[in-house]
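Structure data follow from target_6.cif (mmCIF, C-alpha atoms):
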data_data
#
loop_
_atom_site.label_atom_id
_atom_site.label_comp_id
_atom_site.auth_asym_id
_atom_site.auth_seq_id
_atom_site.Cartn_x
_atom_site.Cartn_y
_atom_site.Cartn_z
CA MET U 1 -10.05 -10.58 -0.17
CA PHE U 2 -8.84 -7.60 1.89
CA THR U 3 -6.81 -9.60 4.40
CA GLY U 4 -3.29 -10.91 4.85
CA SER U 5 -0.19 -9.53 3.15
CA ILE U 6 -1.10 -7.10 0.38
CA VAL U 7 1.92 -5.60 -1.36
CA ALA U 8 2.13 -1.87 -2.08
CA LEU U 9 3.80 -2.59 -5.40
CA ILE U 10 6.56 -0.42 -6.84
CA THR U 11 6.29 0.78 -10.45
CA PRO U 12 9.50 -0.24 -12.26
CA MET U 13 10.86 2.17 -14.85
CA GLN U 14 13.38 2.07 -17.66
CA THR U 15 16.41 4.37 -17.84
CA ASN U 16 14.40 6.73 -20.08
CA GLY U 17 11.76 7.08 -17.35
CA GLU U 18 9.11 5.01 -19.12
CA VAL U 19 7.30 2.21 -17.29
CA ASP U 20 9.21 -1.09 -17.54
CA ARG U 21 6.56 -3.59 -18.66
CA ASP U 22 8.87 -6.61 -18.50
CA SER U 23 9.91 -5.91 -14.91
CA LEU U 24 6.29 -5.23 -13.92
CA LYS U 25 5.25 -8.59 -15.34
CA LYS U 26 8.11 -10.26 -13.45
CA LEU U 27 7.01 -8.62 -10.19
CA VAL U 28 3.41 -9.76 -10.60
CA GLU U 29 4.56 -13.36 -11.17
CA TYR U 30 6.89 -13.08 -8.18
CA HIS U 31 4.04 -12.12 -5.88
CA ILE U 32 1.67 -14.74 -7.22
CA ASN U 33 4.32 -17.41 -6.67
CA SER U 34 5.10 -16.04 -3.19
CA GLY U 35 1.49 -16.30 -2.00
CA THR U 36 0.90 -12.57 -1.61
CA THR U 37 -2.79 -11.98 -0.89
CA GLY U 38 -3.24 -8.95 -3.16
CA ILE U 39 -1.50 -6.14 -5.02
CA VAL U 40 -2.02 -2.41 -4.67
CA SER U 41 -1.13 -0.94 -8.04
CA VAL U 42 0.01 2.70 -8.24
CA GLY U 43 -0.37 3.65 -4.64
CA THR U 44 2.18 5.95 -2.98
CA THR U 45 4.84 3.25 -3.29
CA GLY U 46 3.92 2.92 -6.97
CA GLU U 47 4.87 6.59 -7.54
CA SER U 48 1.34 7.79 -8.18
CA ALA U 49 2.51 11.37 -7.67
CA THR U 50 4.74 11.34 -10.78
CA LEU U 51 2.56 9.33 -13.18
CA ASN U 52 0.08 11.26 -15.28
CA HIS U 53 -3.60 10.27 -15.38
CA HIS U 54 -3.22 8.13 -18.51
CA GLU U 55 -0.08 6.36 -17.25
CA HIS U 56 -1.71 5.75 -13.88
CA ALA U 57 -4.68 3.90 -15.40
CA ASP U 58 -2.40 2.14 -17.91
CA VAL U 59 -0.15 0.68 -15.19
CA VAL U 60 -3.20 -0.60 -13.28
CA LYS U 61 -4.57 -2.22 -16.44
CA MET U 62 -1.17 -3.76 -17.26
CA THR U 63 -1.02 -5.19 -13.76
CA LEU U 64 -4.51 -6.64 -14.22
CA ASP U 65 -3.50 -8.18 -17.55
CA PHE U 66 -0.37 -9.75 -16.10
CA ALA U 67 -2.28 -11.07 -13.08
CA ASN U 68 -5.01 -12.55 -15.30
CA GLY U 69 -7.33 -13.16 -12.37
CA ARG U 70 -4.77 -15.05 -10.29
CA ILE U 71 -4.37 -12.37 -7.61
CA PRO U 72 -6.72 -9.51 -6.61
CA ILE U 73 -5.65 -6.05 -7.78
CA ILE U 74 -6.48 -2.89 -5.82
CA ALA U 75 -5.87 0.43 -7.56
CA GLY U 76 -4.56 3.56 -5.91
CA THR U 77 -7.00 6.24 -7.00
CA GLY U 78 -6.59 9.07 -4.51
CA ALA U 79 -5.97 12.74 -5.28
CA ASN U 80 -6.14 16.06 -3.47
CA SER U 81 -8.84 17.17 -5.91
CA THR U 82 -12.14 15.36 -5.41
CA ALA U 83 -13.01 15.74 -9.10
CA GLU U 84 -9.69 14.19 -10.12
CA ALA U 85 -10.11 11.29 -7.69
CA ILE U 86 -13.61 10.64 -9.08
CA SER U 87 -12.31 10.79 -12.65
CA LEU U 88 -9.49 8.36 -11.96
CA THR U 89 -11.82 6.00 -10.09
CA LYS U 90 -14.41 6.05 -12.88
CA SER U 91 -11.73 5.37 -15.50
CA LEU U 92 -11.24 1.98 -13.83
CA ASP U 93 -14.92 1.02 -13.64
CA LYS U 94 -15.39 -2.52 -14.98
CA SER U 95 -11.61 -2.90 -15.35
CA GLY U 96 -11.49 -5.89 -13.02
CA ILE U 97 -9.99 -4.25 -9.94
CA VAL U 98 -11.47 -5.47 -6.65
CA GLY U 99 -11.14 -2.17 -4.84
CA CYS U 100 -9.72 1.36 -4.76
CA LEU U 101 -7.26 2.71 -2.23
CA SER U 102 -8.03 6.40 -1.79
CA VAL U 103 -5.56 8.56 0.11
CA THR U 104 -6.59 11.60 2.12
CA PRO U 105 -6.17 14.82 0.10
CA TYR U 106 -2.62 16.07 0.51
CA TYR U 107 -1.32 19.61 0.93
CA ASN U 108 -4.64 21.47 0.99
CA LYS U 109 -5.51 20.23 4.52
CA PRO U 110 -9.32 19.84 4.43
CA THR U 111 -11.39 19.82 7.62
CA GLN U 112 -12.95 16.59 8.89
CA GLU U 113 -16.20 17.62 7.19
CA GLY U 114 -14.27 18.24 3.99
CA LEU U 115 -12.74 14.77 4.24
CA PHE U 116 -16.15 13.22 4.82
CA GLN U 117 -17.64 14.98 1.80
CA HIS U 118 -14.58 14.10 -0.34
CA PHE U 119 -14.79 10.35 0.27
CA LYS U 120 -18.59 10.36 0.17
CA ALA U 121 -18.55 12.00 -3.28
CA ILE U 122 -16.06 9.43 -4.61
CA ALA U 123 -18.07 6.50 -3.24
CA GLU U 124 -21.29 7.82 -4.72
CA ASN U 125 -19.73 7.88 -8.19
CA THR U 126 -18.70 4.23 -8.32
CA GLU U 127 -19.73 0.76 -7.22
CA ILE U 128 -16.10 -0.28 -6.66
CA PRO U 129 -15.32 -0.98 -2.98
CA GLN U 130 -13.37 1.90 -1.45
CA ILE U 131 -10.55 1.62 1.09
CA LEU U 132 -9.71 4.83 2.92
CA TYR U 133 -6.00 5.60 3.30
CA ASN U 134 -4.76 7.69 6.19
CA VAL U 135 -1.06 8.62 6.12
CA PRO U 136 -0.72 12.01 7.84
CA GLY U 137 3.08 11.90 7.76
CA ARG U 138 2.95 12.32 3.98
CA THR U 139 -0.26 14.26 3.46
CA GLY U 140 -0.35 16.72 6.35
CA CYS U 141 -3.92 15.56 6.90
CA ASP U 142 -5.30 13.18 9.54
CA LEU U 143 -8.55 11.25 9.08
CA LEU U 144 -9.88 10.94 12.62
CA PRO U 145 -11.69 7.82 13.94
CA GLU U 146 -14.99 9.69 14.27
CA THR U 147 -14.88 10.60 10.57
CA VAL U 148 -13.93 7.04 9.62
CA ALA U 149 -16.97 5.84 11.57
CA ARG U 150 -19.26 8.22 9.63
CA LEU U 151 -17.77 7.06 6.34
CA SER U 152 -18.14 3.37 7.29
CA GLU U 153 -21.90 3.82 7.02
CA ILE U 154 -21.57 4.37 3.26
CA THR U 155 -22.17 0.99 1.62
CA ASN U 156 -19.09 0.71 -0.60
CA ILE U 157 -16.59 2.21 1.85
CA ILE U 158 -15.39 -1.09 3.25
CA GLY U 159 -12.13 -0.48 5.09
CA ILE U 160 -9.13 1.65 5.95
CA LYS U 161 -5.38 1.48 5.52
CA ASP U 162 -4.08 3.15 8.66
CA ALA U 163 -0.47 4.30 8.33
CA THR U 164 -0.41 6.52 11.41
CA GLY U 165 1.63 4.02 13.42
CA ASN U 166 -0.67 4.94 16.32
CA LEU U 167 -1.94 1.59 17.58
CA SER U 168 -4.63 3.17 19.76
CA ARG U 169 -6.44 4.08 16.53
CA VAL U 170 -7.43 0.45 15.96
CA SER U 171 -9.39 0.23 19.21
CA GLN U 172 -10.81 3.72 18.75
CA MET U 173 -12.22 2.82 15.32
CA GLN U 174 -13.50 -0.56 16.48
CA ALA U 175 -15.38 1.10 19.34
CA LEU U 176 -17.12 3.49 16.93
CA ILE U 177 -17.82 1.14 14.01
CA SER U 178 -20.43 -1.57 14.50
CA SER U 179 -20.60 -2.73 10.88
CA GLU U 180 -18.21 -5.17 9.20
CA PHE U 181 -15.13 -3.16 8.28
CA ASN U 182 -11.60 -4.03 7.11
CA TYR U 183 -8.70 -2.72 9.19
CA LEU U 184 -5.41 -2.79 7.30
CA SER U 185 -2.07 -1.62 8.66
CA GLY U 186 -0.06 0.74 6.50
CA ASP U 187 2.96 0.75 8.78
CA ASP U 188 5.19 -2.33 8.54
CA ALA U 189 7.02 -1.69 11.81
CA THR U 190 3.80 -1.84 13.87
CA SER U 191 1.81 -4.18 11.64
CA LEU U 192 2.12 -7.26 13.85
CA ASP U 193 0.80 -5.34 16.87
CA PHE U 194 -1.95 -3.95 14.63
CA LEU U 195 -2.94 -7.52 13.66
CA GLN U 196 -2.91 -8.65 17.29
CA LEU U 197 -5.32 -5.84 18.13
CA GLY U 198 -7.82 -7.10 15.55
CA GLY U 199 -6.46 -5.87 12.23
CA HIS U 200 -7.17 -7.97 9.15
CA GLY U 201 -3.98 -7.47 7.19
CA VAL U 202 -1.24 -5.13 6.04
CA ILE U 203 -0.62 -3.15 2.87
CA SER U 204 3.12 -3.57 2.98
CA VAL U 205 6.24 -1.95 1.55
CA THR U 206 8.43 -4.70 3.05
CA ALA U 207 6.44 -7.28 1.05
CA ASN U 208 8.08 -5.97 -2.14
CA VAL U 209 11.31 -7.70 -1.10
CA ALA U 210 10.15 -10.21 1.54
CA PRO U 211 6.75 -11.40 0.28
CA LYS U 212 6.91 -14.96 1.61
CA GLU U 213 7.98 -13.69 5.00
CA MET U 214 5.14 -11.16 5.19
CA VAL U 215 2.63 -13.81 4.12
CA LYS U 216 3.92 -16.09 6.88
CA LEU U 217 3.80 -13.26 9.42
CA CYS U 218 0.13 -12.60 8.63
CA SER U 219 -0.69 -16.33 8.69
CA LEU U 220 0.95 -16.78 12.09
CA ALA U 221 -0.94 -13.77 13.45
CA LYS U 222 -4.24 -15.10 12.11
CA ALA U 223 -3.52 -18.42 13.83
CA GLN U 224 -2.77 -16.54 17.09
CA GLN U 225 0.79 -17.89 17.02
CA PHE U 226 2.31 -14.65 18.19
CA THR U 227 5.52 -16.06 19.70
CA GLN U 228 6.64 -17.39 16.29
CA ALA U 229 5.28 -14.28 14.59
CA ARG U 230 7.39 -12.02 16.81
CA THR U 231 10.53 -14.04 16.13
CA LEU U 232 10.00 -13.60 12.40
CA ASN U 233 9.07 -9.95 12.78
CA GLN U 234 12.27 -9.22 14.71
CA ARG U 235 14.26 -10.56 11.74
CA LEU U 236 12.32 -8.26 9.43
CA MET U 237 12.41 -5.22 11.72
CA PRO U 238 15.62 -3.72 10.21
CA LEU U 239 13.89 -3.84 6.81
CA HIS U 240 10.68 -2.30 8.19
CA HIS U 241 12.76 0.68 9.33
CA LYS U 242 15.59 0.97 6.78
CA LEU U 243 13.24 0.84 3.79
CA PHE U 244 12.26 4.32 4.98
CA ILE U 245 15.77 5.67 5.53
CA GLU U 246 15.00 7.94 2.57
CA SER U 247 11.56 8.76 1.22
CA ASN U 248 9.54 5.73 0.12
CA PRO U 249 9.85 4.20 -2.49
CA ILE U 250 13.51 5.19 -2.99
CA PRO U 251 15.03 2.49 -0.70
CA VAL U 252 12.65 -0.33 -1.62
CA LYS U 253 13.18 0.29 -5.33
CA TRP U 254 16.94 0.06 -4.84
CA ALA U 255 16.44 -3.11 -2.78
CA CYS U 256 14.33 -4.67 -5.55
CA LYS U 257 17.12 -3.97 -8.03
CA ARG U 258 19.72 -5.36 -5.61
CA LEU U 259 17.72 -8.60 -5.39
CA GLY U 260 17.39 -8.81 -9.17
CA LEU U 261 13.63 -8.32 -9.16
CA ILE U 262 13.76 -5.29 -11.49
CA THR U 263 16.25 -4.06 -14.08
CA ASP U 264 16.78 -0.54 -12.76
CA ASP U 265 15.86 1.62 -9.78
CA VAL U 266 15.02 4.69 -11.88
CA MET U 267 12.89 7.32 -10.15
CA ARG U 268 11.14 10.30 -11.70
CA LEU U 269 12.09 13.73 -10.42
CA PRO U 270 11.73 15.17 -7.86
CA MET U 271 12.53 11.70 -6.45
CA THR U 272 16.12 10.54 -6.90
CA THR U 273 17.78 7.15 -6.48
CA LEU U 274 19.12 5.93 -3.14
CA SER U 275 22.23 7.77 -1.97
CA ASN U 276 25.52 5.88 -1.79
CA SER U 277 25.69 6.31 1.99
CA ALA U 278 22.27 4.68 2.44
CA GLN U 279 22.91 1.75 0.11
CA TYR U 280 25.14 -0.05 2.61
CA ILE U 281 22.49 0.38 5.33
CA VAL U 282 19.69 -1.09 3.20
CA GLU U 283 21.94 -3.93 2.05
CA GLU U 284 22.71 -4.81 5.68
CA ALA U 285 18.99 -4.89 6.44
CA LEU U 286 18.45 -7.27 3.52
CA LYS U 287 21.20 -9.52 4.92
CA GLN U 288 19.73 -9.45 8.42
CA ALA U 289 16.38 -10.50 6.95
CA GLY U 290 18.09 -13.46 5.24
CA LEU U 291 17.40 -12.16 1.74
CA LEU U 292 21.06 -11.83 0.71
#
Starting from the file, lay out its structure as structure tokens.
Amino acid sequence: MFTGSIVALITPMQTNGEVDRDSLKKLVEYHINSGTTGIVSVGTTGESATLNHHEHADVVKMTLDFANGRIPIIAGTGANSTAEAISLTKSLDKSGIVGCLSVTPYYNKPTQEGLFQHFKAIAENTEIPQILYNVPGRTGCDLLPETVARLSEITNIIGIKDATGNLSRVSQMQALISSEFNYLSGDDATSLDFLQLGGHGVISVTANVAPKEMVKLCSLAKAQQFTQARTLNQRLMPLHHKLFIESNPIPVKWACKRLGLITDDVMRLPMTTLSNSAQYIVEEALKQAGLL
């Protein structure tokens, strides 16, 4: 369930800033038809930071409705307030999600003990499987392997999305964790190497626009066919990088619109749409990947 190519799905919006239900439904169908293993709804790429609590839960539930059991849905439920993260997680109890993706608290920079207590408190307030999410480049907070190992002993903390891009972390965590644990890459550019080191899958931004390719990449890696996997990954590498030429999800949202997957690339402030100078760069990356 927590393996292969899992898309960090964008949240499409209308020109008035409201969630675009029709485009969201289209995206869910697109990923089901493309063989995507799972969907993360309202993670960082889904603009969790600019959706209010009600909207956040509503988008997850819409995604569940559109999926109708045909693809597993993981909900982004992290917050920099433990109470808020618990509240959001509990609001999705019995909703049908298969797991929660919970990001490290951003801005307030807790200690490792604070991080342990934060995730422990969330896990103790739900039976939903919890996936830790470490992305220090966006949060200013790094969840160290020793803390991940402590957290892995909690029954419903079942894996981690590691977006550090530091491949040594995989081996460090594996050496410290004896129980069954899911290792998911959160960095497209290093995801193939992550898989070769024993990772189980990737929660991918690139999969928004190249879902079939990311599914194939993960399948080749699982089959230990790394020569073919590297050939495919080299074709995708411009996308892995250029989809971050401006803050995620600005470029990938523009790319989705360019491919006709969504109606508009509207962002909520303080995020703005992709600059004119960057549009050519992202378009070239789409061409190099064979998507245009």
Checklist line | Pick from U:Lys161, U:His118, U:His54, U:Arg21, whichever lies nearest to Ile6 of chain U using all atoms listed in the file | finding: U:Lys161
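Residues surrounding Gly99 of chain U within 8 Å are U:Ile73, U:Ile74, U:Ala75, U:Ile128, U:Pro129, U:Gln130, U:Ile131 [all atoms listed in the file; sequence separation below 6 positions excluded].
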Around all of segment 153-168 of chain U's listed atoms, make the axis-aligned box with 3 Å on each side and tell me centre and edge lengths in Å to one decimal, as lines of an AutoDock Vina configuration file.
center_x = -10.3
center_y = 2.7
center_z = 9.6
size_x = 29.8
size_y = 13.6
size_z = 26.4
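Rounded to one decimal, atom CA of Thr273 of chain U and atom CA of Leu239 of chain U lie 17.7 Å from each other.
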Next item on the list: Have a look at U:Asp265, U:Glu153, U:Glu283, U:Glu84 and name the one nearest to Lys120 of chain U; count only C-alpha atoms.
Entry: U:Glu153
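Atom CA of Ser81 of chain U lies 11.1 Å from atom CA of Leu115 of chain U.
When the PyMOL selection byres ((chain U and resi 246-255) around 6) is evaluated on the file shown here, the picked residues come out as Thr45, Leu243, Phe244, Ile245, Cys256, Lys257, Arg258, Asp265, Thr273 and Leu274 of chain U.
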